[in-house]
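Text of start10.txt, listed as compact mmCIF, C-alpha atoms and all ligand atoms:
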```txt
# COMPACT_ATOMS: atom_id res chain seq x y z
CA MET A 28 -34.45 -9.06 11.70
CA ASP A 29 -34.43 -12.62 13.01
CA PHE A 30 -31.41 -13.56 15.13
CA GLN A 31 -32.58 -17.14 15.62
CA LEU A 32 -29.65 -19.44 14.88
CA SER A 33 -30.28 -22.07 12.22
CA GLU A 34 -30.01 -25.78 13.04
CA HIS A 35 -26.64 -25.79 11.28
CA GLN A 36 -25.41 -22.83 13.36
CA GLU A 37 -26.59 -24.50 16.58
CA MET A 38 -24.61 -27.55 15.49
CA LEU A 39 -21.49 -25.43 14.83
CA LYS A 40 -21.91 -23.82 18.25
CA SER A 41 -22.15 -27.13 20.10
CA THR A 42 -19.25 -28.62 18.08
CA VAL A 43 -16.97 -25.76 19.16
CA ARG A 44 -18.28 -25.80 22.72
CA GLU A 45 -17.55 -29.53 23.06
CA PHE A 46 -14.11 -29.07 21.49
CA VAL A 47 -13.24 -26.27 23.90
CA ALA A 48 -14.51 -28.20 26.95
CA LYS A 49 -12.36 -31.19 26.01
CA GLU A 50 -9.21 -29.56 24.62
CA CYS A 51 -8.96 -26.24 26.46
CA PRO A 52 -9.78 -26.78 30.13
CA ARG A 53 -9.40 -23.58 32.16
CA GLN A 54 -6.41 -24.79 34.16
CA MET A 55 -4.55 -25.41 30.88
CA VAL A 56 -5.58 -22.02 29.44
CA ARG A 57 -4.18 -20.44 32.62
CA LYS A 58 -0.96 -22.45 32.33
CA TRP A 59 -0.45 -21.58 28.63
CA ASP A 60 -0.98 -17.90 29.45
CA GLU A 61 1.48 -18.01 32.34
CA GLU A 62 4.08 -19.84 30.28
CA HIS A 63 3.42 -17.77 27.12
CA VAL A 64 2.90 -20.99 25.20
CA PHE A 65 0.62 -21.70 22.27
CA PRO A 66 -0.15 -25.44 22.13
CA LYS A 67 0.09 -26.20 18.41
CA GLU A 68 -1.40 -29.65 18.91
CA VAL A 69 -4.68 -28.11 20.10
CA PHE A 70 -4.83 -25.94 16.98
CA ASP A 71 -4.06 -29.00 14.81
CA LYS A 72 -7.05 -30.76 16.38
CA LEU A 73 -9.23 -27.71 15.69
CA LYS A 74 -8.16 -27.85 12.03
CA LYS A 75 -9.43 -31.42 11.85
CA LEU A 76 -12.96 -30.22 12.65
CA GLY A 77 -12.93 -28.61 9.18
CA LEU A 78 -13.96 -25.17 10.44
CA MET A 79 -11.04 -23.25 8.91
CA GLY A 80 -12.85 -23.05 5.59
CA VAL A 81 -16.07 -21.74 7.11
CA ILE A 82 -16.42 -18.70 4.81
CA ILE A 83 -14.57 -20.20 1.84
CA PRO A 84 -16.88 -21.24 -1.03
CA THR A 85 -17.08 -24.98 -1.73
CA GLU A 86 -15.45 -24.59 -5.17
CA TYR A 87 -12.25 -23.61 -3.36
CA GLY A 88 -12.53 -26.47 -0.87
CA GLY A 89 -14.32 -24.59 1.91
CA MET A 90 -17.56 -25.08 3.83
CA GLY A 91 -19.41 -22.40 1.85
CA GLY A 92 -20.77 -20.91 5.05
CA ASN A 93 -21.74 -17.33 5.73
CA ILE A 94 -20.55 -14.61 8.11
CA MET A 95 -23.11 -15.60 10.74
CA ASP A 96 -21.63 -19.13 10.76
CA TYR A 97 -18.21 -17.57 11.27
CA THR A 98 -19.55 -15.33 14.06
CA VAL A 99 -21.04 -18.27 15.96
CA ILE A 100 -17.74 -20.18 15.78
CA VAL A 101 -15.61 -17.21 16.87
CA GLU A 102 -17.90 -16.33 19.75
CA GLU A 103 -17.65 -19.88 21.09
CA LEU A 104 -13.88 -20.08 20.58
CA ALA A 105 -13.42 -16.84 22.50
CA ARG A 106 -15.75 -18.07 25.23
CA SER A 107 -12.97 -20.52 26.08
CA SER A 108 -11.09 -17.37 27.25
CA PHE A 109 -8.07 -18.86 25.45
CA TRP A 110 -6.64 -15.88 23.57
CA GLY A 111 -4.32 -17.74 21.21
CA LEU A 112 -6.93 -20.14 19.88
CA ALA A 113 -9.22 -17.43 18.50
CA SER A 114 -6.21 -15.40 17.37
CA TYR A 115 -4.74 -18.24 15.27
CA PHE A 116 -8.22 -19.06 13.94
CA ASN A 117 -8.57 -15.45 12.76
CA ALA A 118 -5.11 -15.54 11.16
CA VAL A 119 -6.47 -18.26 8.87
CA THR A 120 -10.09 -17.22 8.39
CA MET A 121 -9.91 -13.41 8.38
CA TYR A 122 -6.42 -12.19 7.50
CA GLY A 123 -6.09 -15.14 5.12
CA ALA A 124 -9.43 -16.32 3.75
CA ASP A 125 -11.50 -13.15 3.96
CA MET A 126 -8.76 -10.91 2.51
CA ILE A 127 -8.03 -13.28 -0.39
CA LEU A 128 -11.70 -13.98 -1.04
CA HIS A 129 -12.69 -10.32 -1.18
CA CYS A 130 -9.56 -8.67 -2.52
CA GLY A 131 -7.71 -11.41 -4.41
CA ASN A 132 -7.92 -12.12 -8.15
CA GLU A 133 -8.98 -15.55 -9.43
CA GLU A 134 -5.43 -16.85 -9.62
CA GLN A 135 -4.79 -15.87 -6.00
CA LYS A 136 -8.08 -17.43 -4.85
CA LYS A 137 -7.23 -20.72 -6.59
CA HIS A 138 -3.75 -20.71 -5.10
CA TYR A 139 -4.43 -19.76 -1.46
CA LEU A 140 -8.03 -20.62 -0.59
CA PRO A 141 -7.83 -24.44 -0.78
CA LYS A 142 -4.80 -24.39 1.55
CA LEU A 143 -6.47 -21.93 3.90
CA ALA A 144 -9.58 -24.14 3.98
CA LYS A 145 -7.40 -26.91 5.41
CA GLY A 146 -5.72 -24.54 7.86
CA GLU A 147 -2.37 -25.08 6.15
CA LEU A 148 -1.50 -21.37 5.94
CA LEU A 149 -1.33 -18.57 8.50
CA PHE A 150 -1.62 -14.93 7.44
CA ALA A 151 -0.65 -11.75 9.27
CA TYR A 152 -2.08 -8.30 8.56
CA GLY A 153 0.61 -5.66 8.24
CA ILE A 154 -0.98 -2.22 8.24
CA THR A 155 0.20 -0.29 11.35
CA GLU A 156 3.61 1.39 11.38
CA PRO A 157 5.67 2.91 14.21
CA ASP A 158 4.47 6.40 13.23
CA SER A 159 1.00 5.60 11.87
CA GLY A 160 -1.68 3.54 13.62
CA SER A 161 -5.03 5.33 13.59
CA ASP A 162 -3.84 7.26 10.56
CA ALA A 163 -3.03 4.05 8.66
CA ALA A 164 -3.02 5.71 5.23
CA ALA A 165 0.04 7.69 6.32
CA ALA A 166 2.06 4.47 5.88
CA ARG A 167 5.65 5.12 4.84
CA THR A 168 6.71 1.60 3.85
CA MET A 169 7.76 1.97 0.21
CA ALA A 170 7.30 -0.52 -2.61
CA THR A 171 9.50 0.40 -5.58
CA GLU A 172 8.90 -1.14 -9.00
CA GLN A 173 11.84 -3.10 -10.43
CA GLY A 174 11.00 -5.00 -13.59
CA ASP A 175 8.48 -7.72 -12.72
CA ASN A 176 8.95 -7.18 -9.00
CA PHE A 177 8.41 -4.64 -6.25
CA VAL A 178 11.08 -4.05 -3.61
CA LEU A 179 9.71 -3.28 -0.14
CA ASN A 180 11.48 -1.19 2.48
CA GLY A 181 10.04 -0.03 5.80
CA THR A 182 8.84 -1.09 9.24
CA LYS A 183 5.48 -2.31 10.52
CA MET A 184 4.50 -2.27 14.18
CA PHE A 185 2.26 -4.43 16.43
CA ILE A 186 1.62 -7.07 13.75
CA THR A 187 -0.11 -10.14 15.17
CA LEU A 188 1.65 -13.44 14.45
CA ALA A 189 3.97 -11.85 11.87
CA ASP A 190 6.75 -14.18 13.07
CA LYS A 191 4.59 -17.30 12.72
CA ALA A 192 2.67 -16.47 9.55
CA ASP A 193 3.44 -17.87 6.10
CA TYR A 194 2.38 -14.58 4.50
CA THR A 195 1.95 -11.02 5.71
CA ILE A 196 -0.52 -8.87 3.81
CA THR A 197 1.44 -5.60 3.69
CA LEU A 198 0.25 -2.08 3.01
CA ALA A 199 2.91 -0.10 1.16
CA ARG A 200 3.20 3.10 -0.82
CA THR A 201 3.59 2.52 -4.55
CA ASP A 202 3.21 6.14 -5.67
CA LYS A 203 4.74 8.72 -3.37
CA ASN A 204 3.44 11.61 -5.47
CA ALA A 205 -0.22 10.52 -5.35
CA PRO A 206 -2.63 11.87 -2.70
CA LYS A 207 -2.35 10.04 0.64
CA HIS A 208 -5.11 7.45 0.07
CA LYS A 209 -4.40 6.81 -3.60
CA GLY A 210 -0.79 5.69 -3.94
CA LEU A 211 -1.04 2.61 -1.69
CA SER A 212 -1.07 -1.10 -2.57
CA LEU A 213 -1.46 -4.36 -0.65
CA PHE A 214 1.14 -7.10 -1.11
CA ILE A 215 1.06 -10.79 -0.22
CA VAL A 216 4.55 -11.03 1.26
CA ASP A 217 6.08 -14.46 1.72
CA THR A 218 7.61 -14.34 5.20
CA LYS A 219 10.46 -16.57 4.04
CA SER A 220 11.62 -13.80 1.67
CA LYS A 221 15.14 -12.50 2.15
CA GLY A 222 15.07 -9.21 4.10
CA TYR A 223 11.83 -9.92 6.01
CA SER A 224 12.25 -10.15 9.78
CA ALA A 225 9.68 -10.14 12.59
CA LYS A 226 10.58 -9.59 16.25
CA PRO A 227 7.97 -10.36 18.96
CA LEU A 228 7.41 -7.48 21.39
CA LYS A 229 6.86 -7.78 25.15
CA LYS A 230 3.26 -6.90 26.03
CA MET A 231 0.88 -6.98 28.99
CA GLY A 232 -1.73 -9.39 27.59
CA GLY A 233 -2.50 -11.83 24.81
CA PHE A 234 0.43 -13.99 25.88
CA THR A 235 -0.54 -16.96 23.71
CA ASP A 236 0.04 -15.16 20.43
CA THR A 237 2.77 -12.79 19.31
CA THR A 238 2.74 -9.09 18.41
CA CYS A 239 5.69 -8.09 16.26
CA GLU A 240 7.77 -5.35 14.83
CA VAL A 241 8.40 -6.28 11.20
CA VAL A 242 11.29 -4.96 9.14
CA TYR A 243 11.30 -5.08 5.32
CA ASP A 244 14.84 -4.65 4.11
CA ASN A 245 14.81 -4.78 0.31
CA VAL A 246 12.19 -7.55 0.28
CA VAL A 247 11.53 -8.60 -3.32
CA VAL A 248 7.84 -9.31 -4.04
CA PRO A 249 6.70 -10.51 -7.47
CA ARG A 250 4.14 -8.30 -9.21
CA SER A 251 1.77 -11.31 -9.19
CA ASN A 252 1.67 -10.96 -5.38
CA VAL A 253 -0.03 -7.58 -5.47
CA LEU A 254 -3.30 -8.41 -3.71
CA GLY A 255 -6.00 -8.21 -6.37
CA GLY A 256 -3.42 -8.65 -9.14
CA PRO A 257 -1.26 -6.12 -11.01
CA GLU A 258 -4.31 -4.01 -11.90
CA ALA A 259 -4.84 -3.34 -8.18
CA VAL A 260 -1.58 -1.36 -7.88
CA ASN A 261 -2.41 1.95 -6.13
CA PHE A 262 -5.87 0.65 -5.11
CA GLY A 263 -4.74 -0.88 -1.82
CA TRP A 264 -6.56 1.59 0.41
CA GLN A 265 -9.86 1.05 -1.39
CA LEU A 266 -9.47 -2.74 -1.00
CA LEU A 267 -8.63 -2.36 2.66
CA ILE A 268 -11.70 -0.22 3.35
CA SER A 269 -13.91 -2.78 1.59
CA THR A 270 -12.92 -5.38 4.23
CA LEU A 271 -13.20 -3.08 7.25
CA GLU A 272 -16.74 -4.16 8.15
CA THR A 273 -15.73 -7.82 8.38
CA GLU A 274 -12.59 -6.90 10.30
CA HIS A 275 -14.70 -4.95 12.82
CA LEU A 276 -17.08 -7.90 13.04
CA GLU A 277 -14.19 -10.23 13.81
CA VAL A 278 -12.97 -8.02 16.67
CA ALA A 279 -16.51 -7.54 17.98
CA ALA A 280 -17.42 -11.25 17.86
CA ASN A 281 -14.23 -12.15 19.70
CA SER A 282 -14.92 -9.52 22.35
CA LEU A 283 -18.44 -10.84 22.78
CA GLY A 284 -17.20 -14.39 23.46
CA TYR A 285 -14.56 -13.23 25.93
CA ALA A 286 -17.07 -10.93 27.67
CA GLN A 287 -19.48 -13.86 27.99
CA ALA A 288 -16.77 -15.98 29.62
CA THR A 289 -16.00 -13.19 32.10
CA PHE A 290 -19.70 -12.78 32.88
CA ASP A 291 -20.17 -16.54 33.41
CA ASP A 292 -17.24 -16.56 35.85
CA ALA A 293 -18.45 -13.50 37.76
CA LEU A 294 -22.02 -14.79 38.06
CA ALA A 295 -20.90 -18.20 39.29
CA TYR A 296 -18.59 -16.57 41.85
CA ALA A 297 -21.33 -14.23 43.12
CA LYS A 298 -23.55 -17.24 43.74
CA GLU A 299 -20.89 -19.09 45.66
CA ARG A 300 -18.72 -16.61 47.60
CA LYS A 301 -20.05 -15.75 51.05
CA ALA A 302 -19.63 -12.61 53.18
CA PHE A 303 -21.59 -11.52 56.25
CA GLY A 304 -23.41 -14.87 56.26
CA GLN A 305 -24.79 -14.75 52.69
CA THR A 306 -23.62 -15.15 49.12
CA ILE A 307 -22.28 -11.86 47.77
CA GLY A 308 -24.77 -11.94 44.87
CA LYS A 309 -27.48 -11.19 47.45
CA PHE A 310 -25.97 -7.74 48.06
CA GLN A 311 -27.69 -5.24 45.83
CA ALA A 312 -24.40 -3.56 44.95
CA ILE A 313 -23.21 -6.83 43.43
CA SER A 314 -26.50 -8.00 41.93
CA HIS A 315 -27.03 -4.65 40.18
CA MET A 316 -23.53 -4.82 38.79
CA LEU A 317 -24.33 -8.27 37.37
CA ALA A 318 -27.65 -7.02 36.01
CA GLU A 319 -25.83 -4.21 34.19
CA MET A 320 -23.28 -6.70 32.87
CA ALA A 321 -26.11 -8.89 31.52
CA VAL A 322 -27.66 -5.87 29.77
CA ASP A 323 -24.32 -4.85 28.22
CA LEU A 324 -23.75 -8.39 26.99
CA HIS A 325 -27.21 -8.54 25.47
CA LEU A 326 -26.69 -5.22 23.65
CA ALA A 327 -23.28 -6.28 22.38
CA ARG A 328 -24.73 -9.56 21.08
CA LEU A 329 -27.55 -7.72 19.28
CA CYS A 330 -25.03 -5.36 17.63
CA VAL A 331 -22.75 -8.21 16.56
CA TYR A 332 -25.50 -10.47 15.23
CA GLN A 333 -27.18 -7.59 13.40
CA LEU A 334 -23.88 -6.72 11.73
CA ALA A 335 -23.39 -10.36 10.69
CA CYS A 336 -26.90 -10.44 9.20
CA LEU A 337 -26.33 -7.18 7.30
CA ARG A 338 -23.02 -8.49 5.92
CA ASP A 339 -24.69 -11.72 4.82
CA ALA A 340 -27.45 -9.73 3.12
CA ASN A 341 -24.79 -7.56 1.38
CA LYS A 342 -26.39 -4.46 2.86
CA PRO A 343 -24.40 -1.30 3.66
CA CYS A 344 -23.30 -1.53 7.29
CA PHE A 345 -20.30 0.72 7.88
CA GLN A 346 -21.98 2.61 10.71
CA GLU A 347 -23.23 -0.63 12.30
CA ALA A 348 -19.72 -2.12 12.01
CA CYS A 349 -18.21 0.79 13.96
CA MET A 350 -21.03 0.62 16.51
CA ALA A 351 -20.57 -3.15 16.99
CA LYS A 352 -16.79 -2.77 17.35
CA LEU A 353 -17.23 0.00 19.91
CA THR A 354 -20.05 -1.67 21.86
CA ALA A 355 -18.58 -5.17 22.06
CA THR A 356 -15.02 -4.13 22.92
CA GLU A 357 -16.20 -1.68 25.60
CA CYS A 358 -18.57 -4.36 26.87
CA TRP A 359 -15.64 -6.73 27.45
CA THR A 360 -13.37 -4.17 29.14
CA ASN A 361 -16.20 -2.89 31.37
CA MET A 362 -17.17 -6.49 32.12
CA ALA A 363 -13.62 -7.27 33.23
CA HIS A 364 -13.43 -4.12 35.40
CA ARG A 365 -16.65 -5.08 37.19
CA ALA A 366 -15.63 -8.73 37.51
CA MET A 367 -12.42 -7.52 39.21
CA GLN A 368 -14.60 -5.95 41.92
CA ILE A 369 -16.80 -9.04 42.30
CA PHE A 370 -13.80 -11.32 42.74
CA GLY A 371 -12.20 -8.98 45.29
CA GLY A 372 -8.61 -9.87 46.16
CA TYR A 373 -8.74 -13.10 44.16
CA SER A 374 -9.21 -11.10 40.95
CA LEU A 375 -5.53 -10.13 41.05
CA MET A 376 -4.30 -13.68 41.48
CA TYR A 377 -2.87 -15.65 38.57
CA ASP A 378 -4.81 -18.72 39.81
CA TYR A 379 -7.99 -16.89 38.75
CA ASP A 380 -8.90 -15.80 35.22
CA ILE A 381 -10.18 -12.26 35.80
CA GLN A 382 -6.81 -10.50 35.68
CA ARG A 383 -6.18 -12.22 32.33
CA SER A 384 -9.53 -11.07 31.01
CA LEU A 385 -8.77 -7.46 31.98
CA ARG A 386 -5.28 -7.57 30.43
CA ASP A 387 -6.45 -9.20 27.20
CA SER A 388 -9.51 -6.97 26.81
CA TYR A 389 -7.40 -3.85 26.21
CA ILE A 390 -5.96 -5.36 23.04
CA LEU A 391 -9.27 -5.48 21.23
CA LEU A 392 -10.27 -2.08 22.56
CA ILE A 393 -7.27 -0.63 20.70
CA GLY A 394 -6.52 -3.11 17.89
CA GLY A 395 -8.47 -2.57 14.68
CA GLY A 396 -9.19 1.07 15.59
CA THR A 397 -9.50 2.75 18.98
CA ARG A 398 -12.78 3.87 20.57
CA GLN A 399 -12.02 7.46 19.53
CA ILE A 400 -11.60 6.41 15.91
CA GLN A 401 -14.87 4.40 15.98
CA LYS A 402 -16.66 7.46 17.37
CA ASN A 403 -15.08 9.65 14.66
CA MET A 404 -16.39 7.30 11.99
CA ILE A 405 -19.86 7.05 13.53
CA ALA A 406 -19.98 10.85 13.77
CA LYS A 407 -18.89 11.13 10.12
CA SER A 408 -21.66 8.73 9.09
CA LEU A 409 -24.07 11.09 10.89
CA GLY A 410 -22.88 13.89 8.63
CA LEU A 411 -20.78 15.59 11.31
C1 LIG A 501 -1.72 -6.36 20.72
C2 LIG A 501 -1.94 -5.60 19.45
C3 LIG A 501 -2.11 -6.29 18.27
C4 LIG A 501 -2.25 -5.58 17.07
N1 LIG A 501 -2.32 -6.26 15.88
C5 LIG A 501 -2.25 -5.58 14.70
C6 LIG A 501 -2.16 -6.28 13.46
O1 LIG A 501 -2.19 -7.50 13.42
N2 LIG A 501 -2.03 -5.54 12.34
C7 LIG A 501 -2.00 -4.17 12.34
O2 LIG A 501 -1.87 -3.59 11.27
N3 LIG A 501 -2.09 -3.47 13.50
C8 LIG A 501 -2.22 -4.15 14.68
N4 LIG A 501 -2.30 -3.45 15.87
C9 LIG A 501 -2.23 -2.00 15.84
C10 LIG A 501 -3.52 -1.29 16.22
O3 LIG A 501 -4.49 -1.42 15.21
C11 LIG A 501 -3.15 0.16 16.53
O4 LIG A 501 -2.41 0.14 17.75
C12 LIG A 501 -4.35 1.06 16.66
O5 LIG A 501 -4.96 1.24 15.41
C13 LIG A 501 -3.98 2.44 17.25
O6 LIG A 501 -2.87 2.97 16.61
P1 LIG A 501 -1.64 3.55 17.50
O7 LIG A 501 -1.30 2.52 18.50
O8 LIG A 501 -0.58 3.99 16.56
O9 LIG A 501 -2.26 4.76 18.25
P2 LIG A 501 -2.34 6.29 17.72
O10 LIG A 501 -2.92 6.31 16.37
O11 LIG A 501 -1.01 6.93 17.91
O12 LIG A 501 -3.38 6.89 18.75
C14 LIG A 501 -3.01 7.31 20.06
C15 LIG A 501 -4.24 7.93 20.71
O13 LIG A 501 -4.67 9.08 19.93
C16 LIG A 501 -6.03 8.89 19.56
N5 LIG A 501 -6.26 9.45 18.21
C17 LIG A 501 -5.51 9.30 17.09
N6 LIG A 501 -6.09 9.93 16.05
C18 LIG A 501 -7.22 10.48 16.52
C19 LIG A 501 -8.27 11.24 15.94
N7 LIG A 501 -8.29 11.55 14.63
N8 LIG A 501 -9.31 11.63 16.74
C20 LIG A 501 -9.33 11.31 18.06
N9 LIG A 501 -8.37 10.59 18.65
C21 LIG A 501 -7.33 10.19 17.91
C22 LIG A 501 -6.26 7.39 19.55
O14 LIG A 501 -7.63 7.07 19.68
C23 LIG A 501 -5.44 6.99 20.76
O15 LIG A 501 -6.19 7.24 21.92
C24 LIG A 501 -2.25 -4.16 17.08
C25 LIG A 501 -2.14 -3.47 18.30
C26 LIG A 501 -1.98 -4.17 19.47
C27 LIG A 501 -1.82 -3.40 20.75
```
Whole structure given in structure tokens:
Amino acid sequence: MDFQLSEHQEMLKSTVREFVAKECPRQMVRKWDEEHVFPKEVFDKLKKLGLMGVIIPTEYGGMGGNIMDYTVIVEELARSSFWGLASYFNAVTMYGADMILHCGNEEQKKHYLPKLAKGELLFAYGITEPDSGSDAAAARTMATEQGDNFVLNGTKMFITLADKADYTITLARTDKNAPKHKGLSLFIVDTKSKGYSAKPLKKMGGFTDTTCEVVYDNVVVPRSNVLGGPEAVNFGWQLLISTLETEHLEVAANSLGYAQATFDDALAYAKERKAFGQTIGKFQAISHMLAEMAVDLHLARLCVYQLACLRDANKPCFQEACMAKLTATECWTNMAHRAMQIFGGYSLMYDYDIQRSLRDSYILLIGGGTRQIQKNMIAKSLGL
């Protein structure tokens, strides 16, 4: 398998790198994090680069790119260490474009994809509930048929950008008598609907996006907004599983970019900070730590790029998706833990970026499926 980036991918990489250097300087990223602010104007400038439609086919107004193109962009965006930028980008490209492209019917693709390609719509992904995270199919949110509509009642938990999104893709039970995985459907819920409310929760990281509790109080959703069309009623779980590999890739590619940023910072610091008359990188304890960090990063990148290649080749890759999610998210958290040691006392200071990296890294370790769940799925794929 050849992981050499194409000329086009190199161009995408340098476009994003230049954008980040100009629009997201580190002192501003730090300030936005401290003030819990997402600078909309920066995101508007990113939209103008035309990257929002990266995976959307040209007939729907997109770039017609592949998953590797997407991966290269996300890795570079995350390398800015600016949480909100990659998060908003994913709200358009993954929870919007990828879900509609792979699960939507033709009418839904024609309606949503051209707007998503311009970055005009934000989507949230409403799966987790207060009583069901890892066990997502145990969702209790109910969708009851009423003529040409469904009426949704229930609560979702930890939903990224659910208060900012135009639509929240919502997993709800449409047949309470069917076996657990069979009576579920996905709905494209307009967040302006009466009875929909999203309340941001206080959290320890990811300050430049929001994580919400969402309440559905008799929210009326037209039958035409069943993701995949009316014939997809009760097939929501199967649709969701079909997108899991790309969702894992998204989390892994983000983690890779953030881990790279943390590594870059730690390496630069080790070459500059002096103790006992020499730079700390000369101490074997520190240099070995950096060597291990470089190895972890390399392994994570191989896992992520291999997964992107397998997805682009339409090859089965469920096991590789779980491995990439596990490897890249652990890589970032472990990277941040070691960088904390390299930066010593400064690592805890808000004027430095390492504490932010550590705080943010835990989100991707848990979001999209914990390490225990990834290991369960890998073990299952081994026939255990
Ligand atoms: C900041 C943030 C953003 C998020 N964004 C979204 C979003 O946009 N949309 C969305 O739908 N969800 C989102 N989530 C939810 C996230 O996907 C869940 O938190 C995650 O899947 C874990 O679910 P839980 O928190 O309910 O933990 P639980 O499922 O209660 O798990 C608790 C612990 O038990 C372990 N455990 C559970 N079952 C097993 C098992 N079978 N074997 C071994 N161990 C097990 C888990 O690994 C974990 O250690 C977000 C979460 C966070 C923190």
Residue with the minimum atom-to-atom distance to ligand LIG 501 (chain A), picked from A:Ser159, A:Gln173, A:Ser374, A:Ser384 with all atoms listed in the file counted, is A:Ser159
Go ahead and compute the interatomic distance for CA of Val260 in chain A and CA of Gly395 in chain A, in Å to one decimal.
23.6 Å
Residue nearest ligand LIG 501 (chain A) - candidates A:Ser41, A:Ser161, A:Thr182, A:Thr195, atoms counted: all atoms listed in the file:
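That would be A:Ser161, the residue with the smallest distance to ligand LIG 501 (chain A).
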CA of Leu104 in chain A to CA of Asn341 in chain A: how many Å, to one decimal?
25.4 Å
Return as number ranges by chain the residues of protein, DNA or RNA that approach ligand LIG 501 (chain A) to within 8 Å, with only C-alpha atoms and all ligand atoms taken into account.
A: 151-163, 183-189, 230, 232-233, 237-238, 389-391, 393-400, 403
Excluding same-chain residues fewer than 3 positions from range 76-83 of chain A, what lies within 6 Å of it counting all atoms listed in the file, as a ChimeraX atom specification?
/A:73,89-93,144,146
Could you complete range 327-341 of chain A so that it carries N, CA and C atoms, and give it back as a short mmCIF file (atom, residue, chain, number, x, y, z; two decimals), in the coordinates of the input?
```
data_model
loop_
_atom_site.label_atom_id
_atom_site.label_comp_id
_atom_site.auth_asym_id
_atom_site.auth_seq_id
_atom_site.Cartn_x
_atom_site.Cartn_y
_atom_site.Cartn_z
N ALA A 327 -24.44 -5.97 23.24
CA ALA A 327 -23.28 -6.28 22.38
C ALA A 327 -23.66 -7.42 21.42
N ARG A 328 -24.36 -8.42 21.94
CA ARG A 328 -24.73 -9.56 21.08
C ARG A 328 -25.68 -9.10 19.96
N LEU A 329 -26.62 -8.23 20.30
CA LEU A 329 -27.55 -7.72 19.28
C LEU A 329 -26.77 -6.97 18.18
N CYS A 330 -25.83 -6.14 18.61
CA CYS A 330 -25.03 -5.36 17.63
C CYS A 330 -24.23 -6.31 16.72
N VAL A 331 -23.61 -7.30 17.33
CA VAL A 331 -22.75 -8.21 16.56
C VAL A 331 -23.59 -9.05 15.59
N TYR A 332 -24.68 -9.61 16.09
CA TYR A 332 -25.50 -10.47 15.23
C TYR A 332 -26.15 -9.65 14.11
N GLN A 333 -26.56 -8.42 14.45
CA GLN A 333 -27.18 -7.59 13.40
C GLN A 333 -26.16 -7.30 12.30
N LEU A 334 -24.93 -7.00 12.72
CA LEU A 334 -23.88 -6.72 11.73
C LEU A 334 -23.65 -7.95 10.85
N ALA A 335 -23.60 -9.13 11.48
CA ALA A 335 -23.39 -10.36 10.69
C ALA A 335 -24.52 -10.55 9.67
N CYS A 336 -25.75 -10.30 10.11
CA CYS A 336 -26.90 -10.44 9.20
C CYS A 336 -26.82 -9.44 8.04
N LEU A 337 -26.43 -8.21 8.36
CA LEU A 337 -26.33 -7.18 7.30
C LEU A 337 -25.24 -7.55 6.31
N ARG A 338 -24.11 -8.07 6.81
CA ARG A 338 -23.02 -8.49 5.92
C ARG A 338 -23.49 -9.62 5.02
N ASP A 339 -24.22 -10.58 5.62
CA ASP A 339 -24.69 -11.72 4.82
C ASP A 339 -25.70 -11.29 3.77
N ALA A 340 -26.45 -10.21 4.08
CA ALA A 340 -27.45 -9.73 3.12
C ALA A 340 -26.82 -8.72 2.15
N ASN A 341 -25.49 -8.53 2.24
CA ASN A 341 -24.79 -7.56 1.38
C ASN A 341 -25.38 -6.17 1.47
#
```
